[in-house]
>>> print(open('run_2.cif').read())   # mmCIF, C-alpha atoms
data_protein
#
loop_
_atom_site.label_atom_id
_atom_site.label_comp_id
_atom_site.auth_asym_id
_atom_site.auth_seq_id
_atom_site.Cartn_x
_atom_site.Cartn_y
_atom_site.Cartn_z
CA ALA A 1 147.27 170.51 156.75
CA LEU A 2 145.58 171.42 160.01
CA PRO A 3 147.58 173.50 162.50
CA PRO A 4 147.70 172.29 166.13
CA ALA A 5 145.07 174.84 167.20
CA ASP A 6 142.54 173.22 164.84
CA PHE A 7 143.10 169.78 166.40
CA LYS A 8 142.29 171.30 169.78
CA ARG A 9 139.07 172.76 168.40
CA VAL A 10 138.10 169.36 166.97
CA ILE A 11 138.44 167.80 170.43
CA GLN A 12 136.47 170.62 172.05
CA VAL A 13 133.67 170.69 169.44
CA PRO A 14 133.58 167.31 167.67
CA GLY A 15 129.98 167.52 166.40
CA PRO A 16 130.47 169.73 163.32
CA VAL A 17 133.58 167.75 162.32
CA ILE A 18 131.75 164.43 162.49
CA ALA A 19 128.76 165.81 160.60
CA GLY A 20 130.94 167.38 157.92
CA SER A 21 132.99 164.19 157.51
CA LEU A 22 129.85 162.06 157.10
CA LEU A 23 128.42 164.45 154.53
CA GLN A 24 131.71 164.50 152.62
CA LEU A 25 132.30 160.74 152.71
CA LEU A 26 128.70 159.55 152.31
CA GLY A 27 126.36 162.38 151.41
CA VAL A 28 128.23 163.88 148.45
CA PRO A 29 128.99 160.52 146.76
CA LEU A 30 125.33 159.50 147.16
CA VAL A 31 124.21 162.73 145.49
CA GLY A 32 126.69 162.04 142.69
CA LEU A 33 125.37 158.51 142.28
CA ALA A 34 121.79 159.80 142.18
CA LEU A 35 122.75 162.23 139.39
CA VAL A 36 124.36 159.40 137.41
CA PHE A 37 121.12 157.42 137.44
CA ALA A 38 118.85 160.45 137.06
CA TYR A 39 120.58 161.63 133.88
CA ASP A 40 121.59 158.15 132.65
CA LEU A 41 125.18 159.31 132.22
CA SER A 42 127.65 157.42 130.08
CA PRO A 43 130.34 155.43 131.97
CA LEU A 44 133.02 158.03 131.16
CA LEU A 45 130.97 160.92 132.55
CA ALA A 46 129.82 158.81 135.50
CA VAL A 47 133.38 158.01 136.51
CA GLY A 48 134.34 161.68 136.28
CA LEU A 49 131.39 162.74 138.42
CA MET A 50 132.00 160.09 141.06
CA VAL A 51 135.73 160.82 141.27
CA THR A 52 134.88 164.47 141.87
CA ALA A 53 132.26 163.56 144.46
CA ASP A 54 134.68 161.24 146.30
CA THR A 55 137.52 163.74 146.37
CA ILE A 56 138.09 165.41 149.71
CA GLY A 57 139.00 169.02 149.17
CA PRO A 58 142.05 170.63 150.80
CA VAL A 59 141.81 172.49 154.06
CA THR A 60 141.70 176.20 153.26
CA PRO A 61 142.80 178.71 155.90
CA VAL A 62 140.14 181.31 156.59
CA GLU A 63 142.50 184.14 155.70
CA GLU A 64 142.92 182.67 152.20
CA LEU A 65 139.18 182.71 151.44
CA ARG A 66 139.30 186.11 149.83
CA PRO A 67 137.13 186.78 146.78
CA ARG A 68 139.10 186.90 143.55
CA ARG A 69 137.83 189.51 141.12
CA VAL A 70 138.33 188.80 137.45
CA SER A 71 137.71 191.59 134.97
CA ARG A 72 135.74 190.76 131.85
CA PRO A 73 135.52 192.76 128.63
CA SER A 74 131.90 193.59 129.46
CA GLY A 75 132.99 195.14 132.75
CA SER A 76 131.24 192.52 134.89
CA CYS A 77 133.12 190.41 137.40
CA ARG A 78 133.20 186.93 138.86
CA THR A 79 133.97 186.07 142.46
CA LYS A 80 135.11 182.78 143.92
CA PRO A 81 137.26 181.53 146.80
CA ALA A 82 140.95 181.69 145.92
CA PRO A 83 143.03 179.41 148.13
CA ALA A 84 146.72 179.96 147.53
CA SER A 85 149.01 177.27 146.15
CA PHE A 86 152.74 177.66 146.76
CA SER A 87 155.13 176.54 144.01
CA ALA A 88 158.02 175.87 146.38
CA PHE A 89 156.12 172.96 147.95
CA SER A 90 156.82 170.86 144.83
CA SER A 91 160.44 169.73 144.55
CA GLY A 92 159.81 168.67 140.97
CA TRP A 93 158.59 172.14 140.07
CA VAL A 94 161.57 173.73 141.81
CA ASP A 95 163.90 171.63 139.64
CA HIS A 96 161.86 172.60 136.56
CA CYS A 97 162.28 176.30 137.41
CA GLU A 98 166.02 175.95 137.98
CA ALA A 99 166.52 174.25 134.61
CA TYR A 100 164.43 176.90 132.86
CA ALA A 101 166.29 179.80 134.48
CA ASP A 102 169.66 178.28 133.67
CA ARG A 103 168.77 177.67 130.04
CA MET A 104 167.10 181.05 129.39
CA THR A 105 169.98 182.93 131.03
CA LYS A 106 172.47 181.21 128.75
CA ASP A 107 170.39 181.22 125.55
CA LEU A 108 169.40 184.88 125.81
CA GLY A 109 172.63 186.12 127.37
CA LEU A 110 170.78 187.65 130.32
CA GLY A 111 172.79 189.74 132.77
CA ALA A 112 172.72 192.69 135.13
CA SER A 113 171.33 195.01 132.44
CA SER A 114 168.50 192.60 131.54
CA THR A 115 164.96 192.43 132.90
CA VAL A 116 162.86 189.34 133.50
CA VAL A 117 159.12 189.76 134.14
CA GLU A 118 157.10 186.86 135.48
CA VAL A 119 153.32 186.99 135.27
CA ALA A 120 151.62 184.86 137.93
CA THR A 121 154.77 184.95 140.02
CA ASN A 122 153.25 182.87 142.80
CA ASP A 123 155.78 182.63 145.67
CA GLY A 124 158.73 183.69 143.53
CA THR A 125 160.18 180.19 143.09
CA LEU A 126 161.05 180.83 139.44
CA LEU A 127 161.77 184.56 139.51
CA HIS A 128 164.14 184.22 142.46
CA ARG A 129 166.37 182.02 140.33
CA PHE A 130 166.90 184.86 137.90
CA ALA A 131 167.39 187.39 140.69
CA SER A 132 170.06 185.18 142.28
CA ARG A 133 171.95 185.40 138.98
CA GLY A 134 172.06 189.19 139.26
CA ILE A 135 169.31 189.78 136.69
CA GLY A 136 166.72 192.53 137.17
CA CYS A 137 163.29 191.08 137.99
CA LEU A 138 159.66 192.16 138.30
CA GLY A 139 156.80 189.92 139.40
CA ILE A 140 153.08 190.33 138.82
CA GLU A 141 150.93 188.29 141.23
CA PRO A 142 147.39 189.10 142.43
CA THR A 143 147.22 186.75 145.44
CA ALA A 144 148.25 188.43 148.67
CA SER A 145 149.85 185.48 150.47
CA THR A 146 151.99 184.29 147.57
CA ALA A 147 152.96 187.84 146.63
CA ALA A 148 154.12 188.36 150.23
CA ALA A 149 156.16 185.14 150.04
CA ALA A 150 157.82 186.38 146.85
CA ARG A 151 158.58 189.75 148.43
CA SER A 152 160.19 187.96 151.38
CA LEU A 153 162.78 186.71 148.88
CA GLY A 154 163.64 190.31 148.03
CA LEU A 155 161.64 190.39 144.80
CA GLU A 156 159.70 193.38 143.52
CA VAL A 157 156.12 192.21 143.06
CA ILE A 158 153.05 194.11 141.84
CA GLN A 159 149.95 192.64 143.48
CA GLU A 160 147.53 192.97 140.57
CA PHE A 161 146.08 190.97 137.70
CA LEU A 162 147.83 191.61 134.40
CA THR A 163 145.64 193.74 132.15
CA VAL A 164 146.34 195.89 129.13
CA GLU A 165 146.00 198.95 131.38
CA LEU A 166 148.59 197.66 133.85
CA ALA A 167 150.96 196.73 131.02
CA GLU A 168 150.65 200.19 129.49
CA ARG A 169 151.31 201.78 132.87
CA LEU A 170 154.41 199.68 133.48
CA ARG A 171 155.70 200.32 129.98
CA ALA A 172 155.29 204.06 130.55
CA GLU A 173 157.32 203.66 133.76
CA GLY A 174 160.13 202.02 131.79
CA PHE A 175 159.54 198.33 132.50
CA GLN A 176 160.37 196.30 129.39
CA ALA A 177 161.13 192.60 129.56
CA ASP A 178 163.96 190.88 127.76
CA LEU A 179 162.24 187.71 128.95
CA LEU A 180 158.62 187.39 130.07
CA SER A 181 157.48 184.13 131.63
CA ALA A 182 153.85 183.12 132.18
CA ASN A 183 153.52 179.56 133.47
CA ASN A 184 150.22 177.78 134.00
CA VAL A 185 148.15 180.94 133.89
CA LEU A 186 146.75 181.15 130.33
CA ALA A 187 143.94 178.72 131.13
CA HIS A 188 142.93 180.76 134.20
CA VAL A 189 142.20 184.10 132.52
CA PRO A 190 138.77 184.89 131.02
CA ASP A 191 140.06 187.59 128.65
CA ILE A 192 142.88 185.57 127.16
CA VAL A 193 143.48 187.91 124.21
CA GLY A 194 143.70 190.91 126.55
CA PHE A 195 146.11 188.98 128.77
CA ALA A 196 148.34 188.07 125.80
CA THR A 197 148.21 191.69 124.61
CA GLY A 198 149.40 192.83 128.02
CA CYS A 199 152.30 190.39 127.78
CA ARG A 200 153.24 191.76 124.37
CA LEU A 201 153.19 195.33 125.64
CA LEU A 202 155.65 194.41 128.37
CA LEU A 203 158.23 193.02 125.94
CA ALA A 204 161.31 195.02 125.04
CA ASP A 205 162.29 195.23 121.38
CA GLY A 206 163.45 191.72 120.51
CA GLY A 207 162.17 190.40 123.84
CA LEU A 208 160.97 186.82 124.24
CA ALA A 209 157.84 185.58 126.03
CA THR A 210 157.35 181.96 127.05
CA PHE A 211 154.02 180.46 128.09
CA GLU A 212 153.56 177.03 129.65
CA PHE A 213 150.14 175.40 129.79
CA PRO A 214 148.60 171.90 129.92
CA HIS A 215 148.15 170.59 126.37
CA LEU A 216 144.58 169.78 125.30
CA LEU A 217 145.79 166.93 123.10
CA GLU A 218 147.36 165.19 126.09
CA LEU A 219 144.23 165.79 128.17
CA VAL A 220 142.12 163.99 125.53
CA ARG A 221 144.69 161.32 124.75
CA GLY A 222 145.21 160.44 128.40
CA ILE A 223 141.53 160.91 129.42
CA GLN A 224 142.79 163.30 132.09
CA PHE A 225 139.35 164.30 133.35
CA ASP A 226 140.81 165.07 136.77
CA THR A 227 142.60 168.10 135.26
CA ILE A 228 139.27 169.71 134.36
CA TYR A 229 138.11 172.02 137.12
CA HIS A 230 136.36 175.30 137.83
CA GLU A 231 139.39 177.61 137.79
CA HIS A 232 140.12 176.83 134.13
CA PHE A 233 138.38 179.02 131.58
CA SER A 234 140.16 177.34 128.65
CA TYR A 235 141.71 174.02 127.61
CA LEU A 236 144.30 174.94 125.06
CA SER A 237 145.76 173.44 121.93
CA LEU A 238 148.66 174.88 119.99
CA THR A 239 146.27 175.91 117.21
CA ALA A 240 144.08 177.83 119.66
CA VAL A 241 147.04 179.55 121.34
CA THR A 242 148.53 180.52 117.97
CA SER A 243 145.23 182.18 117.01
CA VAL A 244 145.01 183.97 120.36
CA PHE A 245 148.57 185.24 120.04
CA ARG A 246 147.99 186.41 116.47
CA ALA A 247 145.02 188.47 117.70
CA ALA A 248 147.24 189.91 120.45
CA GLY A 249 150.09 190.83 118.10
CA LEU A 250 152.36 187.96 119.10
CA GLN A 251 154.10 185.50 116.79
CA VAL A 252 154.94 181.93 117.84
CA VAL A 253 158.63 181.24 117.16
CA ASP A 254 159.20 177.90 118.93
CA VAL A 255 157.29 175.17 120.78
CA GLU A 256 158.47 172.55 123.27
CA ARG A 257 156.75 169.51 124.74
CA LEU A 258 157.02 169.21 128.52
CA PRO A 259 156.13 166.36 130.91
CA THR A 260 154.64 168.69 133.55
CA HIS A 261 150.95 168.52 134.46
CA GLY A 262 150.35 165.36 132.48
CA GLY A 263 151.82 166.85 129.31
CA SER A 264 152.29 170.57 128.66
CA LEU A 265 153.54 172.89 125.96
CA ARG A 266 156.01 175.73 126.30
CA VAL A 267 155.32 178.23 123.55
CA HIS A 268 157.94 180.87 122.72
CA ALA A 269 156.61 184.08 121.21
CA ARG A 270 157.83 187.51 120.15
CA SER A 271 156.05 190.67 119.09
CA ALA A 272 154.81 190.28 115.54
CA ALA A 273 155.94 193.85 114.91
CA GLY A 274 159.55 192.76 115.42
#
>>> encode(input="run_2.cif", output="structure tokens")
Amino acid sequence: ALPPADFKRVIQVPGPVIAGSLLQLLGVPLVGLALVFAYDLSPLLAVGLMVTADTIGPVTPVEELRPRRVSRPSGSCRTKPAPASFSAFSSGWVDHCEAYADRMTKDLGLGASSTVVEVATNDGTLLHRFASRGIGCLGIEPTASTAAAARSLGLEVIQEFLTVELAERLRAEGFQADLLSANNVLAHVPDIVGFATGCRLLLADGGLATFEFPHLLELVRGIQFDTIYHEHFSYLSLTAVTSVFRAAGLQVVDVERLPTHGGSLRVHARSAAG
């Protein structure tokens, strides 16, 4: 949403806004249509391309256009704009987090002596629900604005990407999770085995990790082409995730189907070493 100051600037300098709107509403769809005919795309691909071309992107505050650096095994990096998305804006997701926190607290017997670690903490919507129950919490979130929002709730948040090196450092400092939660982040990491290994290293003996991610089967079954976009490095099935976890030293112990994001899975895993 545009703040009031931006509306004033539109009135003062209307030219760029008009030009940008015309390019977005007419220019981009025409380019998409030209590509459809130029490459003789099938109807399914043509629809996907045109939907993307016709979609008006969200307004991104200038301060959020910070490059996001993603480490790769080769040591190279990839940069891209990283607009923040706040979990608390979705009432449905807030309810989802409350139900998860309530269930995990009861099922695992979490209390004041327990530790919950959330990877990709976002604005702390989920982690805060454990903290409010008197449970020790640690968040890991690389985005500055959402990490700040989580800290404003009184949460301890490390503003970094989870890597094996970070996990080893935290483990050496005594951080071990009775419960580790990583929701809607697996598909976003290029080194998925390294990420899963970092999660395993953060688990206490007997600790449980849960991972939620959109299910590839539902994507194909529902022709959910609008869930395919540039921030996803992977589109995951249970078979693929099981193989990734095995390589990372994790063992799948339970799986749940969820209605979120058009159909997701919640995979429960523990260290394969016991």
>>> resolve_selection(input="run_2.cif", expression="the PyMOL selection byres ((chain A and resi 232) around 12)", output="list in words")
Asn184, Val185, Leu186, Ala187, His188, Val189, Pro190, Ile192, Phe213, Pro214, Thr227, Ile228, Tyr229, His230, Glu231, Phe233, Ser234, Tyr235 and Leu236 of chain A
>>> axis_aligned_box(input="run_2.cif", around="region 30-34 of chain A", padding_each_side="6 Å", output="AutoDock Vina command-line options")
--center_x 124.2 --center_y 160.6 --center_z 144.7 --size_x 16.9 --size_y 16.2 --size_z 17.0
>>> resolve_selection(input="run_2.cif", expression="the PyMOL selection byres ((chain A and resi 133) around 12)", output="list in words")
Glu98, Ala101, Asp102, Met104, Thr105, Lys106, Gly109, Leu110, Gly111, Ala112, Ser113, Ser114, Thr115, Val116, Leu126, Leu127, His128, Arg129, Phe130, Ala131, Ser132, Gly134, Ile135, Gly136 and Cys137 of chain A
>>> closest_residue(input="run_2.cif", among="A:Met50, A:Ala209, A:Arg171, A:Gln251", to="Val36 (chain A)", atoms="all atoms listed in the file")
A:Met50
>>> resolve_selection(input="run_2.cif", expression="the PyMOL selection byres ((chain A and resi 242) around 12)", output="list in words")
Ile192, Val193, Ala196, Phe211, Leu236, Ser237, Leu238, Thr239, Ala240, Val241, Ser243, Val244, Phe245, Arg246, Ala247, Ala248, Gly249, Leu250, Gln251, Val252, Val253, Asp254, Val255, Val267, His268, Ala269, Arg270 and Ala272 of chain A
>>> atom_distance(input="run_2.cif", atom1="CA of Leu25 (chain A)", atom2="CA of Ala46 (chain A)")
17.5 Å
>>> closest_residue(input="run_2.cif", among="A:Gln12, A:Gly263, A:Cys97, A:Gly198", to="Val220 (chain A)", atoms="only C-alpha atoms")
A:Gly263
>>> closest_residue(input="run_2.cif", among="A:Glu156, A:Glu141, A:Asp123, A:Glu118", to="Glu212 (chain A)", atoms="all atoms listed in the file")
A:Glu118
>>> residues_around(input="run_2.cif", residues="Thr163 (chain A)", least_positions_apart="5", cutoff="12 Å", atoms="all atoms listed in the file", output="list in words")
Val70, Ser71, Arg72, Pro73, Val119, Ile140, Glu141, Pro142, Glu168, Arg169, Leu170, Val189, Pro190, Asp191, Ile192, Val193, Gly194, Phe195, Ala196, Thr197, Gly198, Cys199, Arg200, Leu201 and Leu202 of chain A
>>> residues_around(input="run_2.cif", residues="Gly139 (chain A)", least_positions_apart="4", cutoff="6 Å", atoms="only C-alpha atoms", output="PDB file with C-alpha atoms, keeping the file's coordinate frame")
ATOM      1  CA  VAL A 117     159.120 189.760 134.140  1.00  0.00           C
ATOM      2  CA  GLU A 118     157.100 186.860 135.480  1.00  0.00           C
ATOM      3  CA  THR A 121     154.770 184.950 140.020  1.00  0.00           C
ATOM      4  CA  VAL A 157     156.120 192.210 143.060  1.00  0.00           C
TER       5      VAL A 157
END
>>> closest_residue(input="run_2.cif", among="A:Gly274, A:Gly92, A:Gly262, A:Gly206", to="Leu219 (chain A)", atoms="only C-alpha atoms")
A:Gly262
>>> atom_distance(input="run_2.cif", atom1="CA of Ser87 (chain A)", atom2="CA of Asp178 (chain A)")
23.4 Å
>>> atom_distance(input="run_2.cif", atom1="CA of Thr143 (chain A)", atom2="CA of Gln159 (chain A)")
6.8 Å
>>> closest_residue(input="run_2.cif", among="A:Thr125, A:Val17, A:Ala144, A:Leu162", to="Asp95 (chain A)", atoms="only C-alpha atoms")
A:Thr125
>>> decode(input="run_2.cif", residues="region 244-258 of chain A", atoms="all heavy atoms", output="CSV table (one decimal), in the first residue's frame")
chain,number,residue,atom,x,y,z
A,244,VAL,N,16.6,-35.8,0.8
A,244,VAL,CA,17.4,-34.7,1.3
A,244,VAL,C,17.8,-34.9,2.7
A,244,VAL,O,18.9,-34.7,3.2
A,244,VAL,CB,16.7,-33.4,1.0
A,244,VAL,CG1,17.4,-32.2,1.8
A,244,VAL,CG2,16.7,-33.0,-0.4
A,245,PHE,N,16.7,-35.3,3.5
A,245,PHE,CA,16.9,-35.4,5.0
A,245,PHE,C,17.9,-36.6,5.2
A,245,PHE,O,18.7,-36.5,6.2
A,245,PHE,CB,15.6,-35.7,5.6
A,245,PHE,CG,14.8,-34.4,5.8
A,245,PHE,CD1,15.2,-33.2,5.3
A,245,PHE,CD2,13.5,-34.4,6.4
A,245,PHE,CE1,14.4,-32.0,5.4
A,245,PHE,CE2,12.8,-33.3,6.6
A,245,PHE,CZ,13.2,-32.1,6.1
A,246,ARG,N,17.8,-37.6,4.5
A,246,ARG,CA,18.7,-38.8,4.7
A,246,ARG,C,20.1,-38.3,4.5
A,246,ARG,O,21.0,-38.7,5.3
A,246,ARG,CB,18.3,-39.9,3.7
A,246,ARG,CG,19.1,-41.2,4.0
A,246,ARG,CD,18.8,-42.3,3.0
A,246,ARG,NE,17.3,-42.6,3.0
A,246,ARG,CZ,16.5,-42.4,2.0
A,246,ARG,NH1,16.9,-41.9,0.9
A,246,ARG,NH2,15.2,-42.7,2.2
A,247,ALA,N,20.4,-37.5,3.5
A,247,ALA,CA,21.7,-37.0,3.2
A,247,ALA,C,22.2,-36.1,4.3
A,247,ALA,O,23.4,-36.0,4.5
A,247,ALA,CB,21.8,-36.3,1.8
A,248,ALA,N,21.3,-35.5,5.0
A,248,ALA,CA,21.6,-34.5,6.0
A,248,ALA,C,21.6,-35.2,7.4
A,248,ALA,O,21.9,-34.5,8.4
A,248,ALA,CB,20.6,-33.4,6.1
A,249,GLY,N,21.4,-36.5,7.5
A,249,GLY,CA,21.4,-37.2,8.8
A,249,GLY,C,20.1,-37.0,9.6
A,249,GLY,O,20.1,-37.2,10.8
A,250,LEU,N,19.0,-36.8,8.9
A,250,LEU,CA,17.7,-36.7,9.5
A,250,LEU,C,16.8,-37.9,9.0
A,250,LEU,O,16.9,-38.3,7.9
A,250,LEU,CB,17.0,-35.4,9.1
A,250,LEU,CG,17.5,-34.1,9.7
A,250,LEU,CD1,16.9,-32.9,9.0
A,250,LEU,CD2,17.2,-34.0,11.2
A,251,GLN,N,15.9,-38.3,9.9
A,251,GLN,CA,15.0,-39.4,9.6
A,251,GLN,C,13.6,-38.9,9.8
A,251,GLN,O,13.2,-38.3,10.8
A,251,GLN,CB,15.2,-40.6,10.6
A,251,GLN,CG,14.3,-41.7,10.3
A,251,GLN,CD,14.6,-42.9,11.3
A,251,GLN,OE1,15.5,-42.8,12.1
A,251,GLN,NE2,14.0,-44.0,11.1
A,252,VAL,N,12.8,-39.1,8.7
A,252,VAL,CA,11.4,-38.7,8.8
A,252,VAL,C,10.6,-39.6,9.7
A,252,VAL,O,10.7,-40.9,9.5
A,252,VAL,CB,10.7,-38.7,7.4
A,252,VAL,CG1,9.2,-38.5,7.4
A,252,VAL,CG2,11.4,-37.7,6.4
A,253,VAL,N,9.9,-39.1,10.6
A,253,VAL,CA,9.1,-39.9,11.6
A,253,VAL,C,7.6,-39.7,11.5
A,253,VAL,O,6.9,-40.5,12.0
A,253,VAL,CB,9.6,-39.6,13.0
A,253,VAL,CG1,11.0,-40.0,13.2
A,253,VAL,CG2,9.4,-38.2,13.4
A,254,ASP,N,7.2,-38.7,10.8
A,254,ASP,CA,5.7,-38.5,10.7
A,254,ASP,C,5.5,-37.5,9.6
A,254,ASP,O,6.4,-36.6,9.3
A,254,ASP,CB,5.1,-38.0,12.0
A,254,ASP,CG,3.6,-38.1,12.0
A,254,ASP,OD1,3.0,-38.7,11.0
A,254,ASP,OD2,2.9,-37.6,12.9
A,255,VAL,N,4.3,-37.5,8.9
A,255,VAL,CA,4.0,-36.6,7.9
A,255,VAL,C,2.5,-36.2,8.0
A,255,VAL,O,1.7,-37.1,8.3
A,255,VAL,CB,4.2,-37.2,6.5
A,255,VAL,CG1,3.8,-36.2,5.4
A,255,VAL,CG2,5.6,-37.7,6.3
A,256,GLU,N,2.2,-34.9,7.8
A,256,GLU,CA,0.8,-34.5,7.8
A,256,GLU,C,0.5,-33.7,6.6
A,256,GLU,O,1.3,-33.0,6.0
A,256,GLU,CB,0.6,-33.5,9.0
A,256,GLU,CG,0.9,-34.1,10.4
A,256,GLU,CD,0.8,-33.0,11.4
A,256,GLU,OE1,-0.4,-32.4,11.6
A,256,GLU,OE2,1.8,-32.6,12.0
A,257,ARG,N,-0.7,-33.8,6.1
A,257,ARG,CA,-1.2,-33.0,5.0
A,257,ARG,C,-1.9,-31.7,5.6
A,257,ARG,O,-2.6,-31.8,6.6
A,257,ARG,CB,-2.3,-33.8,4.2
A,257,ARG,CG,-1.7,-34.9,3.4
A,257,ARG,CD,-2.8,-35.6,2.6
A,257,ARG,NE,-2.4,-36.7,1.8
A,257,ARG,CZ,-1.8,-36.6,0.6
A,257,ARG,NH1,-1.7,-35.4,0.0
A,257,ARG,NH2,-1.4,-37.7,-0.1
A,258,LEU,N,-1.6,-30.6,5.0
A,258,LEU,CA,-2.1,-29.3,5.4
A,258,LEU,C,-2.8,-28.6,4.3
A,258,LEU,O,-2.4,-28.7,3.1
A,258,LEU,CB,-1.0,-28.4,6.0
A,258,LEU,CG,-0.1,-29.0,7.1
A,258,LEU,CD1,1.1,-28.1,7.4
A,258,LEU,CD2,-0.9,-29.2,8.4
